[in-house]
Amino acid sequence: MVRVTTTDRRTALRAGAGLAAAGALASGCAPHGAVARPAPADSAPTPSGDRAEPAATPPGDRTPAPTPRLFPQAAAQITHGPRDRPRVALTCHGQGDPELARALLAAAETHGARLTVLAVGSWLDEHPELARRVLDGGHDLGNHTQRHLDVNAMSEAEAEREITDCAQRLRRLTGSIGTWFRPSRAVRASPLVARLARAAGYPHVLSYDVDSLDFTAPGAPAVARKVLGEIRNGSVVSLHLGYADTVAALPAVLEELDRRGLRAVTTTELLS
């Protein structure tokens with residue numbers, strides 16, 4: 001049985017300073033039509049929209065971040081990794097209160113786990129330091145569109161702009177457009193959006209096979225039960241940075257994964 005105790009929740013609340021106002025800032029990434037309730041408490045082409053702006057040089061002695069890779073054995077839209085290896089990828093929609101984001105990253109690192117963060121471009125505009133925080137923690141960083149709208153419902157020009165604008169932010173902040181693209185407000189990309197993502201430099205669209213439903217704010221025990229009830233070798237799990245329930249649930253999830261012999265790795269490592 002998975003237990004998320006009151007102590008776990010207090011720990012998460014302390015880690016995310018300013019938590020009382022956090023949930024309202026986050027937005028779930030449910031399929032189109034679903035309602036997201038606020039929380040309670042190695043080289044790829046240059047994006048087509050990025051031609052006018054040369055690649056930024058990361059500050060200091062930092063080398064450029066990893067770039068998208070083609071995994072020949074993987075599908076164009078990835079829902080999971082190899083089922084014959086005891087690895088899983090915990091992927092996070094990057095948006096919401098920055099303190100909750102830092103708390104979730106720190107909780108993962110404490111347990112020796114690595115995440116994949118798909119960042120929203122407008123979120124990076126407000127919190128640019130978080131791009132490097134993700135990478136410096138050993139996590140994957142990718143593109144989750146610029147404004148987190150229903151990209152599948154957009155015209156070709158609008159959808160292209162959503163993808164390339166976020167890619168520009170990532171490139172300016174890290175020297176790379178990020179390793180992955182995930183469509184916003186959808187589990188899978190439409191054929192048009194998948195084509196635009198490839199043109200922007202992303203060989204694959206990153207989907208998932210386990211949805212934590214943390215954006216519905218069901219409570220930390222429910223998040224842990226949902227993930228642990230469905231996760232298996234190769235699973236890609238959808239989580240969110242901006243919810244207190246996710247921060248509170250993560251230690252219990254990682255402890256149970258350890259007990260089962262499953263290692264939480266970046267999506268790049270999952271497919272390598």
# chains A, B, ... in the order shown; residues from 1 in each chain; ligands from 1
$ residues_around --residues "region 69-80 of chain A" --least-positions-apart "5" --cutoff "6 Å" --atoms "only C-alpha atoms" --output "mmCIF file with C-alpha atoms, in the first residue's frame"
data_model
loop_
_atom_site.group_PDB
_atom_site.id
_atom_site.type_symbol
_atom_site.label_atom_id
_atom_site.label_comp_id
_atom_site.auth_asym_id
_atom_site.auth_seq_id
_atom_site.Cartn_x
_atom_site.Cartn_y
_atom_site.Cartn_z
ATOM 1 C CA ASP A 42 22.443 14.831 -30.604
ATOM 2 C CA PRO A 203 12.287 14.251 -34.597
ATOM 3 C CA HIS A 204 9.758 12.921 -32.099
ATOM 4 C CA VAL A 205 6.635 14.075 -30.287
ATOM 5 C CA LEU A 206 6.645 13.014 -26.648
ATOM 6 C CA SER A 207 3.351 11.626 -25.400
ATOM 7 C CA TYR A 208 2.792 9.300 -22.415
ATOM 8 C CA ASP A 209 1.063 6.102 -21.330
ATOM 9 C CA GLY A 234 9.231 1.714 -20.072
ATOM 10 C CA SER A 235 6.331 3.895 -18.951
ATOM 11 C CA VAL A 236 6.262 7.625 -19.608
#
$ residues_around --residues "Gly138 (chain A)" --least-positions-apart "3" --cutoff "8 Å" --atoms "only C-alpha atoms" --output "compact mmCIF listing (two decimals) with C-alpha atoms, in the first residue's frame"
# COMPACT_ATOMS: atom_id res chain seq x y z
CA ARG A 114 15.81 12.54 -13.03
CA VAL A 134 16.38 22.06 -14.77
CA LEU A 135 19.50 21.29 -16.80
$ atom_distance --atom1 "CA of Glu129 (chain A)" --atom2 "CA of Ala217 (chain A)"
26.7 Å
$ closest_atom_pairs --of "region 73-95 of chain A" --to "region 240-247 of chain A" --cutoff "7 Å" --atoms "only C-alpha atoms" --output "Markdown table"
| residue | atom | partner | partner_atom | distance |
| --- | --- | --- | --- | --- |
| A:Cys92 | CA | A:His240 | CA | 4.6 |
| A:His93 | CA | A:His240 | CA | 4.7 |
| A:Gly94 | CA | A:Leu241 | CA | 5.6 |
| A:Gln95 | CA | A:Gly242 | CA | 5.9 |
$ closest_residue --among "A:Leu124, A:Ala157, A:Ala89, A:Ala101" --to "Ser238 (chain A)" --atoms "only C-alpha atoms"
A:Ala89
$ select_by_dssp --residues "region 128-187 of chain A" --states "strand (DSSP E or B)" --output "number ranges by chain"
A: 140-143, 181
$ closest_residue --among "A:Phe181, A:Glu109, A:Arg102, A:Ala248" --to "Pro218 (chain A)" --atoms "only C-alpha atoms"
A:Ala248
$ residues_around --residues "Val120 (chain A)" --least-positions-apart "3" --cutoff "6 Å" --atoms "only C-alpha atoms" --output "compact mmCIF listing (two decimals) with C-alpha atoms, in the first residue's frame"
# COMPACT_ATOMS: atom_id res chain seq x y z
CA GLY A 94 6.55 23.04 -17.03
CA TRP A 123 6.61 30.55 -18.15
CA HIS A 144 5.60 22.60 -24.46
CA THR A 145 4.59 25.47 -26.78
CA GLN A 146 4.71 29.17 -26.08
$ residues_around --residues "Leu115 (chain A)" --least-positions-apart "4" --cutoff "8 Å" --atoms "only C-alpha atoms" --output "PyMOL selection string"
chain A and resi 89-92+105+108+139-140+264-267
$ write_last_selection --atoms "N, CA, C and O atoms" --output "PDB file, in the first residue's frame"
ATOM      1  N   ALA A  89      10.141   7.022 -17.227  1.00  0.00           N
ATOM      2  CA  ALA A  89      10.394   8.460 -17.356  1.00  0.00           C
ATOM      3  C   ALA A  89       9.240   9.221 -16.728  1.00  0.00           C
ATOM      4  O   ALA A  89       8.079   9.014 -17.094  1.00  0.00           O
ATOM      5  N   LEU A  90       9.554  10.067 -15.771  1.00  0.00           N
ATOM      6  CA  LEU A  90       8.570  10.958 -15.158  1.00  0.00           C
ATOM      7  C   LEU A  90       8.691  12.303 -15.851  1.00  0.00           C
ATOM      8  O   LEU A  90       9.711  12.990 -15.727  1.00  0.00           O
ATOM      9  N   THR A  91       7.676  12.668 -16.617  1.00  0.00           N
ATOM     10  CA  THR A  91       7.726  13.900 -17.406  1.00  0.00           C
ATOM     11  C   THR A  91       6.798  14.935 -16.803  1.00  0.00           C
ATOM     12  O   THR A  91       5.701  14.602 -16.351  1.00  0.00           O
ATOM     13  N   CYS A  92       7.225  16.177 -16.809  1.00  0.00           N
ATOM     14  CA  CYS A  92       6.481  17.245 -16.135  1.00  0.00           C
ATOM     15  C   CYS A  92       6.167  18.390 -17.077  1.00  0.00           C
ATOM     16  O   CYS A  92       7.064  18.923 -17.739  1.00  0.00           O
ATOM     17  N   LEU A 105      11.798  19.400  -8.318  1.00  0.00           N
ATOM     18  CA  LEU A 105      13.124  19.036  -8.814  1.00  0.00           C
ATOM     19  C   LEU A 105      14.019  18.562  -7.669  1.00  0.00           C
ATOM     20  O   LEU A 105      14.722  17.547  -7.787  1.00  0.00           O
ATOM     21  N   ALA A 108      13.047  15.056  -6.452  1.00  0.00           N
ATOM     22  CA  ALA A 108      13.536  14.020  -7.363  1.00  0.00           C
ATOM     23  C   ALA A 108      15.023  13.787  -7.166  1.00  0.00           C
ATOM     24  O   ALA A 108      15.491  12.641  -7.080  1.00  0.00           O
ATOM     25  N   HIS A 139      18.338  16.988 -15.456  1.00  0.00           N
ATOM     26  CA  HIS A 139      17.058  16.632 -16.048  1.00  0.00           C
ATOM     27  C   HIS A 139      17.017  16.997 -17.534  1.00  0.00           C
ATOM     28  O   HIS A 139      17.785  17.834 -18.005  1.00  0.00           O
ATOM     29  N   ASP A 140      16.101  16.394 -18.277  1.00  0.00           N
ATOM     30  CA  ASP A 140      15.830  16.796 -19.654  1.00  0.00           C
ATOM     31  C   ASP A 140      14.963  18.047 -19.654  1.00  0.00           C
ATOM     32  O   ASP A 140      14.124  18.243 -18.764  1.00  0.00           O
ATOM     33  N   ALA A 264      13.819   5.818 -12.181  1.00  0.00           N
ATOM     34  CA  ALA A 264      13.278   6.997 -12.858  1.00  0.00           C
ATOM     35  C   ALA A 264      14.411   7.757 -13.526  1.00  0.00           C
ATOM     36  O   ALA A 264      15.289   8.299 -12.852  1.00  0.00           O
ATOM     37  N   VAL A 265      14.372   7.816 -14.878  1.00  0.00           N
ATOM     38  CA  VAL A 265      15.444   8.417 -15.667  1.00  0.00           C
ATOM     39  C   VAL A 265      14.859   9.459 -16.609  1.00  0.00           C
ATOM     40  O   VAL A 265      13.641   9.573 -16.757  1.00  0.00           O
ATOM     41  N   THR A 266      15.720  10.220 -17.251  1.00  0.00           N
ATOM     42  CA  THR A 266      15.240  11.148 -18.273  1.00  0.00           C
ATOM     43  C   THR A 266      14.701  10.362 -19.460  1.00  0.00           C
ATOM     44  O   THR A 266      15.034   9.186 -19.647  1.00  0.00           O
ATOM     45  N   THR A 267      13.874  11.011 -20.263  1.00  0.00           N
ATOM     46  CA  THR A 267      13.349  10.326 -21.447  1.00  0.00           C
ATOM     47  C   THR A 267      14.475   9.963 -22.404  1.00  0.00           C
ATOM     48  O   THR A 267      14.437   8.914 -23.068  1.00  0.00           O
TER      49      THR A 267
END
$ decode --residues "region 126-144 of chain A" --atoms "N, CA, C and O atoms" --output "short mmCIF file (atom, residue, chain, number, x, y, z; two decimals), in the first residue's frame"
data_model
loop_
_atom_site.label_atom_id
_atom_site.label_comp_id
_atom_site.auth_asym_id
_atom_site.auth_seq_id
_atom_site.Cartn_x
_atom_site.Cartn_y
_atom_site.Cartn_z
N GLU A 126 8.81 34.49 -17.77
CA GLU A 126 8.65 35.01 -16.42
C GLU A 126 9.72 34.49 -15.46
O GLU A 126 10.10 35.18 -14.51
N HIS A 127 10.21 33.28 -15.70
CA HIS A 127 11.17 32.65 -14.79
C HIS A 127 12.33 32.05 -15.60
O HIS A 127 12.53 30.83 -15.62
N PRO A 128 13.12 32.87 -16.28
CA PRO A 128 14.16 32.34 -17.17
C PRO A 128 15.21 31.51 -16.47
O PRO A 128 15.82 30.62 -17.08
N GLU A 129 15.44 31.77 -15.19
CA GLU A 129 16.46 31.04 -14.45
C GLU A 129 16.12 29.55 -14.31
O GLU A 129 17.01 28.71 -14.07
N LEU A 130 14.85 29.20 -14.47
CA LEU A 130 14.46 27.81 -14.28
C LEU A 130 14.92 26.90 -15.41
O LEU A 130 15.04 25.69 -15.22
N ALA A 131 15.19 27.46 -16.58
CA ALA A 131 15.70 26.62 -17.67
C ALA A 131 17.02 25.98 -17.27
O ALA A 131 17.22 24.76 -17.41
N ARG A 132 17.93 26.80 -16.77
CA ARG A 132 19.22 26.27 -16.34
C ARG A 132 19.10 25.45 -15.05
O ARG A 132 19.85 24.50 -14.84
N ARG A 133 18.16 25.81 -14.19
CA ARG A 133 17.97 25.01 -12.97
C ARG A 133 17.62 23.57 -13.34
O ARG A 133 18.12 22.62 -12.72
N VAL A 134 16.76 23.40 -14.31
CA VAL A 134 16.38 22.06 -14.77
C VAL A 134 17.61 21.32 -15.29
O VAL A 134 17.90 20.18 -14.88
N LEU A 135 18.35 21.95 -16.20
CA LEU A 135 19.50 21.29 -16.80
C LEU A 135 20.60 21.01 -15.79
O LEU A 135 21.23 19.95 -15.82
N ASP A 136 20.85 21.96 -14.90
CA ASP A 136 21.91 21.78 -13.91
C ASP A 136 21.60 20.64 -12.94
O ASP A 136 22.51 20.08 -12.32
N GLY A 137 20.33 20.28 -12.81
CA GLY A 137 19.95 19.15 -11.98
C GLY A 137 20.05 17.81 -12.68
O GLY A 137 19.73 16.77 -12.09
N GLY A 138 20.46 17.82 -13.96
CA GLY A 138 20.60 16.59 -14.71
C GLY A 138 19.34 16.11 -15.38
O GLY A 138 19.26 14.97 -15.84
N HIS A 139 18.34 16.99 -15.46
CA HIS A 139 17.06 16.63 -16.05
C HIS A 139 17.02 17.00 -17.53
O HIS A 139 17.78 17.83 -18.00
N ASP A 140 16.10 16.39 -18.28
CA ASP A 140 15.83 16.80 -19.65
C ASP A 140 14.96 18.05 -19.65
O ASP A 140 14.12 18.24 -18.76
N LEU A 141 15.15 18.87 -20.69
CA LEU A 141 14.33 20.08 -20.85
C LEU A 141 13.81 20.12 -22.27
O LEU A 141 14.57 19.93 -23.22
N GLY A 142 12.52 20.38 -22.42
CA GLY A 142 11.92 20.41 -23.75
C GLY A 142 10.89 21.49 -23.91
O GLY A 142 10.72 22.36 -23.04
N ASN A 143 10.18 21.43 -25.03
CA ASN A 143 9.27 22.47 -25.52
C ASN A 143 7.82 22.03 -25.33
O ASN A 143 7.41 20.98 -25.81
N HIS A 144 7.04 22.88 -24.67
CA HIS A 144 5.60 22.60 -24.46
C HIS A 144 4.75 23.74 -25.00
O HIS A 144 3.71 24.05 -24.44
#
